[in-house]
Amino acid sequence: MTELVRGTPGLVRAVNDRAALHLLLRQGPLTRPEVSRLTGLSKPTASQVLARLEDAGLVVGNGLRTGLPGRVPETYRVNPAAAYATAVDVSPERVAVRSADITGTVLGETEAPVPARPDREALVEALRTALGRVPTPRPPRSVVVGVQGAVDPTTGRLAYASEEDMAAWLFPDVERTLGEALGLPVRIENDVNLAAVAERAHAAADCPDFVLLWADEGLGAALMIGGRLHRGHFGGAGEVGYLPLPGAPTAREAGDHYGRHGYQELAGGDAVRDLLGAHGVPGADFAEAVTEAVRRAGTSEGGAEAARAGLAAVAARLAAGLASIVTVVDPGLVVLAGRLCAAGGEPLRALVERELRVLAHSRARVRLSAVTGNPVLSGALALALTEAREEAFGGPPPLPRSL
């Protein structure tokens, strides 16, 4: 049941309306008696709530429920046209867009190339073109853009980003400027944070405290604490590529060049490819090398023992950085994501978990990401839908009743 709040009539109405709307999103379509029973509202109050929401255009009738004895009841659902949300994933190669109505039904998805010119005008035009390929009947209430970096809330600028790949984004007050140029409410979010949002929404709902490690060409992490993203005061929580580790060059030694020191230099894509190459495992890139190492390690052919040793060395490097994170955060779950972890699959996961137990005495479960498709786009849409619903419904969902 949903907790009812005592207070002014206006406050009680608002809370009851939100309770009914979020109930219909989760379980609809529902009849008036079902809304009454599941919210704890009286039947007359539930009828008033549904009538009020119909008048506001937030709820629509969904036809009669037949096949039951007695009076045939009418069902209700959230009006899909009440609001829209759009997700954008920007990488150095392409811009991906997905739009949905307020119920979460996807209306369309597309990809477009990134602009050849690394300047603000070309960026705005590329985003406008990509958004135009997946139009919504009305402008979206929320547009969440995932990028390889993070907005520093103290400056409004994009930080922790490669100047080479993200040059077009490095201008002041980036969210407000882009929003004004596009005429839309834009929010910029770190791509690994969005992968964690997708994990929380689709696969990790049973654990509100988890760490997601994104191992790809670059390394990143996201911290979900109490079911909420922890972004840090300057927006840089989870930028673990900079984490100093034994055996890796320090920022002082590397001259603070982006991605050339710390955890990134020890366990990033190039380092993993070179490490496996030293164990006799070929690969055009790190993903191919890890895939081949897993294949060889599962055979009795020549080179299998070297492949197993190489895979164990990769797991040890990944676990070395994770040990520092889990020791401080103490999560219940560690999620391994990104192309490196996907290529390594269960064999790599088991090795990382075993090594982590030794290094950090961690009891956290370690598992592979369970999100299919593009996790950044999925997380961006989940966040955009949450924001669009809060705006359309007049606030976040009421807290559940304490047991």
# chains A, B, ... in the order shown; residues from 1 in each chain; ligands from 1
$ residues_around --residues "range 140-149 of chain A" --least-positions-apart "4" --cutoff "8 Å" --atoms "only C-alpha atoms" --output "MDAnalysis selection string"
chainID A and resid 83:91 136 158:162 166 184:192 194 376:377 380:381 383:385 387:388 391
$ residues_around --residues "Arg349 in chain A" --least-positions-apart "3" --cutoff "12 Å" --atoms "only C-alpha atoms" --output "JSON, numbers by chain"
{"A": [213, 294, 311, 312, 314, 315, 316, 318, 319, 334, 335, 336, 337, 340, 341, 342, 343, 344, 345, 346, 352, 353, 354, 355, 356, 365, 366, 367, 368, 369]}
$ closest_atom_pairs --of "range 165-222 of chain A" --to "range 109-116 of chain A" --cutoff "12 Å" --atoms "only C-alpha atoms" --output "Markdown table"
| residue | atom | partner | partner_atom | distance |
| --- | --- | --- | --- | --- |
| A:Asp165 | CA | A:Val114 | CA | 10.4 |
| A:Met166 | CA | A:Val114 | CA | 10.6 |
| A:Ala167 | CA | A:Pro115 | CA | 11.2 |
| A:Ala168 | CA | A:Pro115 | CA | 9.0 |
| A:Trp169 | CA | A:Pro115 | CA | 11.7 |
$ residues_around --residues "Leu127 in chain A" --least-positions-apart "3" --cutoff "9 Å" --atoms "only C-alpha atoms" --output "list in words"
Val88, Val95, Ala112, Val114, Ala122, Leu123, Val124, Ala130, Leu131, Gly132 and Leu182 of chain A
$ write_last_selection --atoms "all heavy atoms" --output "compact mmCIF listing (two decimals), in the first residue's frame"
# COMPACT_ATOMS: atom_id res chain seq x y z
N VAL A 88 19.71 10.39 -25.19
CA VAL A 88 20.75 10.57 -26.19
C VAL A 88 22.05 9.98 -25.65
O VAL A 88 22.41 10.24 -24.49
CB VAL A 88 20.96 12.06 -26.54
CG1 VAL A 88 22.00 12.21 -27.65
CG2 VAL A 88 19.64 12.71 -26.95
N VAL A 95 25.91 9.54 -32.58
CA VAL A 95 24.90 10.03 -31.65
C VAL A 95 23.70 9.09 -31.77
O VAL A 95 23.14 8.93 -32.85
CB VAL A 95 24.46 11.47 -31.98
CG1 VAL A 95 23.37 11.93 -31.03
CG2 VAL A 95 25.65 12.41 -31.93
N ALA A 112 23.08 8.71 -35.64
CA ALA A 112 23.61 9.67 -36.62
C ALA A 112 25.09 9.86 -36.34
O ALA A 112 25.55 9.68 -35.20
CB ALA A 112 22.86 11.00 -36.53
N VAL A 114 28.67 11.70 -35.63
CA VAL A 114 29.06 12.91 -34.91
C VAL A 114 29.56 13.93 -35.92
O VAL A 114 29.99 13.58 -37.03
CB VAL A 114 30.16 12.62 -33.87
CG1 VAL A 114 29.66 11.66 -32.81
CG2 VAL A 114 31.41 12.06 -34.54
N ALA A 122 28.46 22.98 -34.77
CA ALA A 122 28.32 21.67 -35.42
C ALA A 122 27.69 20.66 -34.47
O ALA A 122 26.88 19.81 -34.87
CB ALA A 122 29.68 21.17 -35.89
N LEU A 123 28.04 20.75 -33.19
CA LEU A 123 27.46 19.84 -32.18
C LEU A 123 25.96 20.06 -32.08
O LEU A 123 25.18 19.09 -32.10
CB LEU A 123 28.12 20.08 -30.83
CG LEU A 123 27.48 19.39 -29.63
CD1 LEU A 123 27.55 17.88 -29.77
CD2 LEU A 123 28.13 19.85 -28.33
N VAL A 124 25.53 21.30 -31.97
CA VAL A 124 24.10 21.60 -31.84
C VAL A 124 23.36 21.10 -33.07
O VAL A 124 22.27 20.49 -32.97
CB VAL A 124 23.88 23.11 -31.66
CG1 VAL A 124 22.40 23.46 -31.78
CG2 VAL A 124 24.42 23.56 -30.30
N ALA A 130 19.73 14.56 -35.13
CA ALA A 130 19.45 13.24 -34.55
C ALA A 130 18.10 13.25 -33.83
O ALA A 130 17.31 12.31 -33.97
CB ALA A 130 20.57 12.85 -33.59
N LEU A 131 17.81 14.30 -33.06
CA LEU A 131 16.53 14.39 -32.36
C LEU A 131 15.37 14.47 -33.35
O LEU A 131 14.30 13.91 -33.10
CB LEU A 131 16.52 15.62 -31.44
CG LEU A 131 17.44 15.55 -30.22
CD1 LEU A 131 17.58 16.92 -29.59
CD2 LEU A 131 16.90 14.55 -29.20
N GLY A 132 15.58 15.13 -34.48
CA GLY A 132 14.53 15.25 -35.48
C GLY A 132 14.19 13.94 -36.16
O GLY A 132 13.10 13.81 -36.74
N LEU A 182 18.77 24.16 -28.37
CA LEU A 182 17.84 23.15 -28.88
C LEU A 182 16.39 23.46 -28.54
O LEU A 182 15.48 22.85 -29.10
CB LEU A 182 18.21 21.78 -28.31
CG LEU A 182 19.57 21.22 -28.74
CD1 LEU A 182 19.90 19.98 -27.92
CD2 LEU A 182 19.57 20.89 -30.23
$ atom_distance --atom1 "CA of His261 in chain A" --atom2 "CA of Gly238 in chain A"
15.8 Å
$ closest_residue --among "A:Pro347, A:Arg273, A:Asn16, A:Ala323" --to "Ala297 in chain A" --atoms "only C-alpha atoms"
A:Pro347
$ residues_around --residues "range 223-236 of chain A" --least-positions-apart "2" --cutoff "8 Å" --atoms "only C-alpha atoms" --output "MDAnalysis selection string"
chainID A and resid 150:154 159:160 193 196:197 200 207:212 221 238:239
$ atom_distance --atom1 "CA of Pro139 in chain A" --atom2 "CA of Ala382 in chain A"
17.4 Å
$ atom_distance --atom1 "CA of Ala201 in chain A" --atom2 "CA of Ser36 in chain A"
26.9 Å
$ closest_residue --among "A:Pro92, A:Gly283, A:Gly40, A:Pro29" --to "Gly63 in chain A" --atoms "only C-alpha atoms"
A:Pro29
$ select_by_dssp --residues "range 18-94 of chain A" --states "alpha helix (DSSP H)" --output "ChimeraX atom specification"
/A:18-27,32-39,43-55
$ select_by_dssp --residues "range 326-383 of chain A" --states "strand (DSSP E)" --output "list of chain:residue names"
A:Leu333, A:Val334, A:Val335, A:Leu336, A:Ala337, A:Arg365, A:Val366, A:Arg367, A:Leu368
$ residues_around --residues "Gly241 in chain A" --least-positions-apart "4" --cutoff "8 Å" --atoms "only C-alpha atoms" --output "list of chain:residue names"
A:Gly218, A:Leu219, A:Gly220, A:Gly259, A:His261, A:Gly262, A:Tyr263, A:Gln264, A:Glu265
$ residues_around --residues "Arg157 in chain A" --least-positions-apart "5" --cutoff "7 Å" --atoms "only C-alpha atoms" --output "list of chain:residue names"
A:Val151, A:Asp152, A:Leu170, A:Phe171, A:Pro172, A:Asp173, A:Val174
$ residues_around --residues "Thr31 in chain A" --least-positions-apart "3" --cutoff "12 Å" --atoms "only C-alpha atoms" --output "PDB file with all heavy atoms, in the first residue's frame"
ATOM      1  N   ALA A  20      -1.934   7.261  -7.182  1.00  0.00           N
ATOM      2  CA  ALA A  20      -2.733   6.569  -8.198  1.00  0.00           C
ATOM      3  C   ALA A  20      -2.006   6.503  -9.534  1.00  0.00           C
ATOM      4  O   ALA A  20      -2.015   5.473 -10.214  1.00  0.00           O
ATOM      5  CB  ALA A  20      -4.084   7.271  -8.357  1.00  0.00           C
ATOM      6  N   LEU A  23       0.818   3.971  -9.376  1.00  0.00           N
ATOM      7  CA  LEU A  23       0.216   2.642  -9.325  1.00  0.00           C
ATOM      8  C   LEU A  23      -0.218   2.207 -10.725  1.00  0.00           C
ATOM      9  O   LEU A  23       0.039   1.071 -11.144  1.00  0.00           O
ATOM     10  CB  LEU A  23      -0.977   2.648  -8.374  1.00  0.00           C
ATOM     11  CG  LEU A  23      -1.799   1.348  -8.310  1.00  0.00           C
ATOM     12  CD1 LEU A  23      -0.962   0.222  -7.728  1.00  0.00           C
ATOM     13  CD2 LEU A  23      -3.068   1.570  -7.499  1.00  0.00           C
ATOM     14  N   LEU A  24      -0.857   3.096 -11.449  1.00  0.00           N
ATOM     15  CA  LEU A  24      -1.298   2.773 -12.808  1.00  0.00           C
ATOM     16  C   LEU A  24      -0.110   2.525 -13.735  1.00  0.00           C
ATOM     17  O   LEU A  24      -0.186   1.679 -14.638  1.00  0.00           O
ATOM     18  CB  LEU A  24      -2.177   3.897 -13.361  1.00  0.00           C
ATOM     19  CG  LEU A  24      -3.571   4.014 -12.725  1.00  0.00           C
ATOM     20  CD1 LEU A  24      -4.248   5.306 -13.157  1.00  0.00           C
ATOM     21  CD2 LEU A  24      -4.429   2.807 -13.089  1.00  0.00           C
ATOM     22  N   GLN A  27       1.063  -1.106 -12.554  1.00  0.00           N
ATOM     23  CA  GLN A  27       0.166  -2.253 -12.604  1.00  0.00           C
ATOM     24  C   GLN A  27      -1.036  -2.086 -13.521  1.00  0.00           C
ATOM     25  O   GLN A  27      -1.833  -3.009 -13.663  1.00  0.00           O
ATOM     26  CB  GLN A  27      -0.341  -2.574 -11.191  1.00  0.00           C
ATOM     27  CG  GLN A  27       0.766  -2.898 -10.207  1.00  0.00           C
ATOM     28  CD  GLN A  27       0.216  -3.334  -8.859  1.00  0.00           C
ATOM     29  OE1 GLN A  27      -0.819  -3.988  -8.774  1.00  0.00           O
ATOM     30  NE2 GLN A  27       0.918  -2.968  -7.796  1.00  0.00           N
ATOM     31  N   GLY A  28      -1.202  -0.903 -14.115  1.00  0.00           N
ATOM     32  CA  GLY A  28      -2.395  -0.652 -14.912  1.00  0.00           C
ATOM     33  C   GLY A  28      -2.475  -1.518 -16.151  1.00  0.00           C
ATOM     34  O   GLY A  28      -1.506  -2.173 -16.511  1.00  0.00           O
ATOM     35  N   GLU A  34     -10.016  -1.510  -7.775  1.00  0.00           N
ATOM     36  CA  GLU A  34      -8.620  -1.949  -7.628  1.00  0.00           C
ATOM     37  C   GLU A  34      -7.729  -0.795  -7.202  1.00  0.00           C
ATOM     38  O   GLU A  34      -6.832  -0.966  -6.356  1.00  0.00           O
ATOM     39  CB  GLU A  34      -8.127  -2.547  -8.948  1.00  0.00           C
ATOM     40  CG  GLU A  34      -8.719  -3.917  -9.246  1.00  0.00           C
ATOM     41  CD  GLU A  34      -8.397  -4.397 -10.645  1.00  0.00           C
ATOM     42  OE1 GLU A  34      -8.136  -3.549 -11.531  1.00  0.00           O
ATOM     43  OE2 GLU A  34      -8.416  -5.620 -10.864  1.00  0.00           O
ATOM     44  N   VAL A  35      -7.953   0.388  -7.747  1.00  0.00           N
ATOM     45  CA  VAL A  35      -7.186   1.560  -7.319  1.00  0.00           C
ATOM     46  C   VAL A  35      -7.446   1.833  -5.848  1.00  0.00           C
ATOM     47  O   VAL A  35      -6.534   2.137  -5.071  1.00  0.00           O
ATOM     48  CB  VAL A  35      -7.552   2.792  -8.180  1.00  0.00           C
ATOM     49  CG1 VAL A  35      -6.939   4.061  -7.594  1.00  0.00           C
ATOM     50  CG2 VAL A  35      -7.075   2.589  -9.616  1.00  0.00           C
ATOM     51  N   SER A  36      -8.702   1.695  -5.431  1.00  0.00           N
ATOM     52  CA  SER A  36      -9.049   1.898  -4.025  1.00  0.00           C
ATOM     53  C   SER A  36      -8.324   0.908  -3.127  1.00  0.00           C
ATOM     54  O   SER A  36      -7.702   1.291  -2.128  1.00  0.00           O
ATOM     55  CB  SER A  36     -10.567   1.757  -3.851  1.00  0.00           C
ATOM     56  OG  SER A  36     -10.914   1.699  -2.484  1.00  0.00           O
ATOM     57  N   ARG A  37      -8.375  -0.363  -3.503  1.00  0.00           N
ATOM     58  CA  ARG A  37      -7.782  -1.398  -2.655  1.00  0.00           C
ATOM     59  C   ARG A  37      -6.265  -1.273  -2.594  1.00  0.00           C
ATOM     60  O   ARG A  37      -5.659  -1.414  -1.518  1.00  0.00           O
ATOM     61  CB  ARG A  37      -8.171  -2.777  -3.194  1.00  0.00           C
ATOM     62  CG  ARG A  37      -7.519  -3.942  -2.455  1.00  0.00           C
ATOM     63  CD  ARG A  37      -8.104  -5.263  -2.918  1.00  0.00           C
ATOM     64  NE  ARG A  37      -7.970  -5.443  -4.351  1.00  0.00           N
ATOM     65  CZ  ARG A  37      -6.865  -5.908  -4.947  1.00  0.00           C
ATOM     66  NH1 ARG A  37      -5.795  -6.204  -4.220  1.00  0.00           N
ATOM     67  NH2 ARG A  37      -6.818  -6.055  -6.252  1.00  0.00           N
ATOM     68  N   LEU A  38      -5.626  -1.013  -3.717  1.00  0.00           N
ATOM     69  CA  LEU A  38      -4.164  -1.019  -3.763  1.00  0.00           C
ATOM     70  C   LEU A  38      -3.535   0.250  -3.195  1.00  0.00           C
ATOM     71  O   LEU A  38      -2.365   0.244  -2.815  1.00  0.00           O
ATOM     72  CB  LEU A  38      -3.693  -1.234  -5.209  1.00  0.00           C
ATOM     73  CG  LEU A  38      -4.020  -2.622  -5.788  1.00  0.00           C
ATOM     74  CD1 LEU A  38      -3.744  -2.663  -7.286  1.00  0.00           C
ATOM     75  CD2 LEU A  38      -3.214  -3.700  -5.077  1.00  0.00           C
ATOM     76  N   LYS A  43     -13.358   4.035  -1.654  1.00  0.00           N
ATOM     77  CA  LYS A  43     -13.861   3.974  -3.027  1.00  0.00           C
ATOM     78  C   LYS A  43     -14.327   5.336  -3.532  1.00  0.00           C
ATOM     79  O   LYS A  43     -14.015   5.716  -4.674  1.00  0.00           O
ATOM     80  CB  LYS A  43     -14.973   2.936  -3.128  1.00  0.00           C
ATOM     81  CG  LYS A  43     -14.465   1.502  -3.002  1.00  0.00           C
ATOM     82  CD  LYS A  43     -15.593   0.493  -3.172  1.00  0.00           C
ATOM     83  CE  LYS A  43     -15.048  -0.936  -3.042  1.00  0.00           C
ATOM     84  NZ  LYS A  43     -16.121  -1.948  -3.182  1.00  0.00           N
ATOM     85  N   ALA A  46     -11.138   7.283  -4.316  1.00  0.00           N
ATOM     86  CA  ALA A  46     -10.488   6.767  -5.519  1.00  0.00           C
ATOM     87  C   ALA A  46     -11.218   7.246  -6.766  1.00  0.00           C
ATOM     88  O   ALA A  46     -10.589   7.596  -7.780  1.00  0.00           O
ATOM     89  CB  ALA A  46     -10.443   5.247  -5.474  1.00  0.00           C
ATOM     90  N   SER A  47     -12.554   7.271  -6.715  1.00  0.00           N
ATOM     91  CA  SER A  47     -13.336   7.760  -7.855  1.00  0.00           C
ATOM     92  C   SER A  47     -13.049   9.234  -8.110  1.00  0.00           C
ATOM     93  O   SER A  47     -12.897   9.663  -9.264  1.00  0.00           O
ATOM     94  CB  SER A  47     -14.833   7.553  -7.597  1.00  0.00           C
ATOM     95  OG  SER A  47     -15.137   6.175  -7.523  1.00  0.00           O
ATOM     96  N   LEU A  50      -9.531   9.555  -9.762  1.00  0.00           N
ATOM     97  CA  LEU A  50      -9.514   9.189 -11.177  1.00  0.00           C
ATOM     98  C   LEU A  50     -10.230  10.239 -12.024  1.00  0.00           C
ATOM     99  O   LEU A  50      -9.781  10.564 -13.135  1.00  0.00           O
ATOM    100  CB  LEU A  50     -10.150   7.815 -11.367  1.00  0.00           C
ATOM    101  CG  LEU A  50      -9.310   6.641 -10.850  1.00  0.00           C
ATOM    102  CD1 LEU A  50     -10.108   5.343 -10.874  1.00  0.00           C
ATOM    103  CD2 LEU A  50      -8.035   6.481 -11.672  1.00  0.00           C
ATOM    104  N   VAL A  60      -6.659   8.068 -18.849  1.00  0.00           N
ATOM    105  CA  VAL A  60      -7.710   7.844 -19.847  1.00  0.00           C
ATOM    106  C   VAL A  60      -8.357   6.496 -19.580  1.00  0.00           C
ATOM    107  O   VAL A  60      -7.746   5.599 -18.978  1.00  0.00           O
ATOM    108  CB  VAL A  60      -7.158   7.876 -21.285  1.00  0.00           C
ATOM    109  CG1 VAL A  60      -6.692   9.274 -21.658  1.00  0.00           C
ATOM    110  CG2 VAL A  60      -6.043   6.865 -21.466  1.00  0.00           C
ATOM    111  N   GLY A  61      -9.604   6.358 -20.038  1.00  0.00           N
ATOM    112  CA  GLY A  61     -10.272   5.075 -19.928  1.00  0.00           C
ATOM    113  C   GLY A  61      -9.637   4.058 -20.845  1.00  0.00           C
ATOM    114  O   GLY A  61      -9.113   4.389 -21.919  1.00  0.00           O
ATOM    115  N   ASN A  62      -9.669   2.805 -20.420  1.00  0.00           N
ATOM    116  CA  ASN A  62      -9.042   1.732 -21.199  1.00  0.00           C
ATOM    117  C   ASN A  62     -10.047   0.644 -21.569  1.00  0.00           C
ATOM    118  O   ASN A  62      -9.674  -0.495 -21.831  1.00  0.00           O
ATOM    119  CB  ASN A  62      -7.885   1.111 -20.392  1.00  0.00           C
ATOM    120  CG  ASN A  62      -6.965   0.284 -21.251  1.00  0.00           C
ATOM    121  OD1 ASN A  62      -6.371   0.788 -22.203  1.00  0.00           O
ATOM    122  ND2 ASN A  62      -6.852  -1.007 -20.946  1.00  0.00           N
ATOM    123  N   GLY A  63     -11.336   0.991 -21.552  1.00  0.00           N
ATOM    124  CA  GLY A  63     -12.348   0.021 -21.924  1.00  0.00           C
ATOM    125  C   GLY A  63     -12.867  -0.761 -20.733  1.00  0.00           C
ATOM    126  O   GLY A  63     -12.444  -0.570 -19.592  1.00  0.00           O
ATOM    127  N   LEU A  64     -13.799  -1.652 -21.014  1.00  0.00           N
ATOM    128  CA  LEU A  64     -14.439  -2.446 -19.984  1.00  0.00           C
ATOM    129  C   LEU A  64     -13.714  -3.771 -19.801  1.00  0.00           C
ATOM    130  O   LEU A  64     -13.180  -4.337 -20.751  1.00  0.00           O
ATOM    131  CB  LEU A  64     -15.906  -2.697 -20.349  1.00  0.00           C
ATOM    132  CG  LEU A  64     -16.776  -1.433 -20.565  1.00  0.00           C
ATOM    133  CD1 LEU A  64     -18.177  -1.834 -20.985  1.00  0.00           C
ATOM    134  CD2 LEU A  64     -16.811  -0.582 -19.310  1.00  0.00           C
ATOM    135  N   ARG A  65     -13.705  -4.257 -18.568  1.00  0.00           N
ATOM    136  CA  ARG A  65     -13.104  -5.559 -18.281  1.00  0.00           C
ATOM    137  C   ARG A  65     -14.229  -6.593 -18.262  1.00  0.00           C
ATOM    138  O   ARG A  65     -15.052  -6.631 -17.352  1.00  0.00           O
ATOM    139  CB  ARG A  65     -12.373  -5.547 -16.946  1.00  0.00           C
ATOM    140  CG  ARG A  65     -11.689  -6.886 -16.638  1.00  0.00           C
ATOM    141  CD  ARG A  65     -10.897  -6.805 -15.353  1.00  0.00           C
ATOM    142  NE  ARG A  65      -9.762  -5.902 -15.485  1.00  0.00           N
ATOM    143  CZ  ARG A  65      -9.002  -5.498 -14.473  1.00  0.00           C
ATOM    144  NH1 ARG A  65      -9.293  -5.907 -13.246  1.00  0.00           N
ATOM    145  NH2 ARG A  65      -7.984  -4.686 -14.674  1.00  0.00           N
ATOM    146  N   THR A  66     -14.275  -7.401 -19.275  1.00  0.00           N
ATOM    147  CA  THR A  66     -15.331  -8.391 -19.406  1.00  0.00           C
ATOM    148  C   THR A  66     -14.876  -9.743 -18.882  1.00  0.00           C
ATOM    149  O   THR A  66     -13.714  -9.937 -18.543  1.00  0.00           O
ATOM    150  CB  THR A  66     -15.739  -8.521 -20.882  1.00  0.00           C
ATOM    151  OG1 THR A  66     -14.581  -8.915 -21.646  1.00  0.00           O
ATOM    152  CG2 THR A  66     -16.273  -7.207 -21.431  1.00  0.00           C
ATOM    153  N   ARG A  71     -21.369  -6.557 -12.314  1.00  0.00           N
ATOM    154  CA  ARG A  71     -21.281  -5.352 -13.137  1.00  0.00           C
ATOM    155  C   ARG A  71     -19.943  -5.286 -13.860  1.00  0.00           C
ATOM    156  O   ARG A  71     -18.895  -5.560 -13.276  1.00  0.00           O
ATOM    157  CB  ARG A  71     -21.448  -4.130 -12.245  1.00  0.00           C
ATOM    158  CG  ARG A  71     -21.412  -2.805 -12.988  1.00  0.00           C
ATOM    159  CD  ARG A  71     -21.599  -1.663 -12.011  1.00  0.00           C
ATOM    160  NE  ARG A  71     -21.490  -0.385 -12.680  1.00  0.00           N
ATOM    161  CZ  ARG A  71     -21.568   0.791 -12.056  1.00  0.00           C
ATOM    162  NH1 ARG A  71     -21.757   0.816 -10.735  1.00  0.00           N
ATOM    163  NH2 ARG A  71     -21.445   1.921 -12.733  1.00  0.00           N
ATOM    164  N   VAL A  72     -19.966  -4.917 -15.125  1.00  0.00           N
ATOM    165  CA  VAL A  72     -18.746  -4.842 -15.929  1.00  0.00           C
ATOM    166  C   VAL A  72     -18.017  -3.536 -15.594  1.00  0.00           C
ATOM    167  O   VAL A  72     -18.540  -2.446 -15.850  1.00  0.00           O
ATOM    168  CB  VAL A  72     -19.054  -4.906 -17.432  1.00  0.00           C
ATOM    169  CG1 VAL A  72     -17.751  -4.785 -18.236  1.00  0.00           C
ATOM    170  CG2 VAL A  72     -19.770  -6.193 -17.769  1.00  0.00           C
ATOM    171  N   PRO A  73     -16.809  -3.626 -15.005  1.00  0.00           N
ATOM    172  CA  PRO A  73     -16.127  -2.394 -14.584  1.00  0.00           C
ATOM    173  C   PRO A  73     -15.301  -1.772 -15.702  1.00  0.00           C
ATOM    174  O   PRO A  73     -14.782  -2.464 -16.582  1.00  0.00           O
ATOM    175  CB  PRO A  73     -15.216  -2.880 -13.453  1.00  0.00           C
ATOM    176  CG  PRO A  73     -14.882  -4.284 -13.844  1.00  0.00           C
ATOM    177  CD  PRO A  73     -16.085  -4.833 -14.579  1.00  0.00           C
ATOM    178  N   GLU A  74     -15.164  -0.447 -15.635  1.00  0.00           N
ATOM    179  CA  GLU A  74     -14.292   0.266 -16.565  1.00  0.00           C
ATOM    180  C   GLU A  74     -12.877   0.293 -15.997  1.00  0.00           C
ATOM    181  O   GLU A  74     -12.681   0.386 -14.793  1.00  0.00           O
ATOM    182  CB  GLU A  74     -14.789   1.689 -16.791  1.00  0.00           C
ATOM    183  CG  GLU A  74     -13.980   2.450 -17.843  1.00  0.00           C
ATOM    184  CD  GLU A  74     -14.547   3.817 -18.152  1.00  0.00           C
ATOM    185  OE1 GLU A  74     -15.498   4.242 -17.462  1.00  0.00           O
ATOM    186  OE2 GLU A  74     -14.038   4.460 -19.088  1.00  0.00           O
ATOM    187  N   THR A  75     -11.899   0.188 -16.881  1.00  0.00           N
ATOM    188  CA  THR A  75     -10.497   0.246 -16.458  1.00  0.00           C
ATOM    189  C   THR A  75      -9.886   1.574 -16.888  1.00  0.00           C
ATOM    190  O   THR A  75     -10.361   2.236 -17.823  1.00  0.00           O
ATOM    191  CB  THR A  75      -9.684  -0.909 -17.047  1.00  0.00           C
ATOM    192  OG1 THR A  75      -9.731  -0.851 -18.474  1.00  0.00           O
ATOM    193  CG2 THR A  75     -10.221  -2.255 -16.576  1.00  0.00           C
ATOM    194  N   TYR A  76      -8.782   1.935 -16.206  1.00  0.00           N
ATOM    195  CA  TYR A  76      -8.103   3.198 -16.456  1.00  0.00           C
ATOM    196  C   TYR A  76      -6.599   2.962 -16.583  1.00  0.00           C
ATOM    197  O   TYR A  76      -6.050   2.031 -15.985  1.00  0.00           O
ATOM    198  CB  TYR A  76      -8.372   4.192 -15.317  1.00  0.00           C
ATOM    199  CG  TYR A  76      -9.821   4.552 -15.176  1.00  0.00           C
ATOM    200  CD1 TYR A  76     -10.675   3.737 -14.423  1.00  0.00           C
ATOM    201  CD2 TYR A  76     -10.348   5.671 -15.802  1.00  0.00           C
ATOM    202  CE1 TYR A  76     -12.025   4.047 -14.300  1.00  0.00           C
ATOM    203  CE2 TYR A  76     -11.693   5.987 -15.682  1.00  0.00           C
ATOM    204  CZ  TYR A  76     -12.527   5.170 -14.933  1.00  0.00           C
ATOM    205  OH  TYR A  76     -13.855   5.485 -14.815  1.00  0.00           O
ATOM    206  N   ARG A  77      -5.959   3.805 -17.352  1.00  0.00           N
ATOM    207  CA  ARG A  77      -4.502   3.737 -17.514  1.00  0.00           C
ATOM    208  C   ARG A  77      -3.956   5.152 -17.633  1.00  0.00           C
ATOM    209  O   ARG A  77      -4.694   6.110 -17.903  1.00  0.00           O
ATOM    210  CB  ARG A  77      -4.127   2.933 -18.760  1.00  0.00           C
ATOM    211  CG  ARG A  77      -4.604   3.549 -20.064  1.00  0.00           C
ATOM    212  CD  ARG A  77      -4.409   2.586 -21.239  1.00  0.00           C
ATOM    213  NE  ARG A  77      -4.989   3.119 -22.466  1.00  0.00           N
ATOM    214  CZ  ARG A  77      -4.301   3.707 -23.452  1.00  0.00           C
ATOM    215  NH1 ARG A  77      -2.983   3.863 -23.311  1.00  0.00           N
ATOM    216  NH2 ARG A  77      -4.899   4.144 -24.529  1.00  0.00           N
TER     217      ARG A  77
END
$ decode --residues "range 207-230 of chain A" --atoms "C-alpha atoms" --output "short mmCIF file (atom, residue, chain, number, x, y, z; two decimals), in the first residue's frame"
data_model
loop_
_atom_site.label_atom_id
_atom_site.label_comp_id
_atom_site.auth_asym_id
_atom_site.auth_seq_id
_atom_site.Cartn_x
_atom_site.Cartn_y
_atom_site.Cartn_z
CA CYS A 207 20.49 -4.30 -4.19
CA PRO A 208 20.39 -0.52 -3.57
CA ASP A 209 24.13 -0.37 -2.83
CA PHE A 210 26.28 -1.47 -5.74
CA VAL A 211 29.34 -0.50 -7.76
CA LEU A 212 29.42 -0.80 -11.53
CA LEU A 213 32.85 -1.10 -13.13
CA TRP A 214 32.89 -0.18 -16.81
CA ALA A 215 35.94 -1.79 -18.43
CA ASP A 216 36.38 -0.90 -22.08
CA GLU A 217 38.96 1.15 -23.94
CA GLY A 218 38.71 3.35 -20.87
CA LEU A 219 37.84 2.54 -17.28
CA GLY A 220 35.08 4.11 -15.23
CA ALA A 221 32.85 3.29 -12.31
CA ALA A 222 29.48 4.32 -10.95
CA LEU A 223 28.42 4.29 -7.31
CA MET A 224 24.80 3.55 -6.46
CA ILE A 225 24.26 4.18 -2.73
CA GLY A 226 20.84 3.76 -1.18
CA GLY A 227 19.38 3.45 -4.67
CA ARG A 228 20.76 6.85 -5.71
CA LEU A 229 23.72 7.80 -7.85
CA HIS A 230 26.61 9.29 -5.92
#
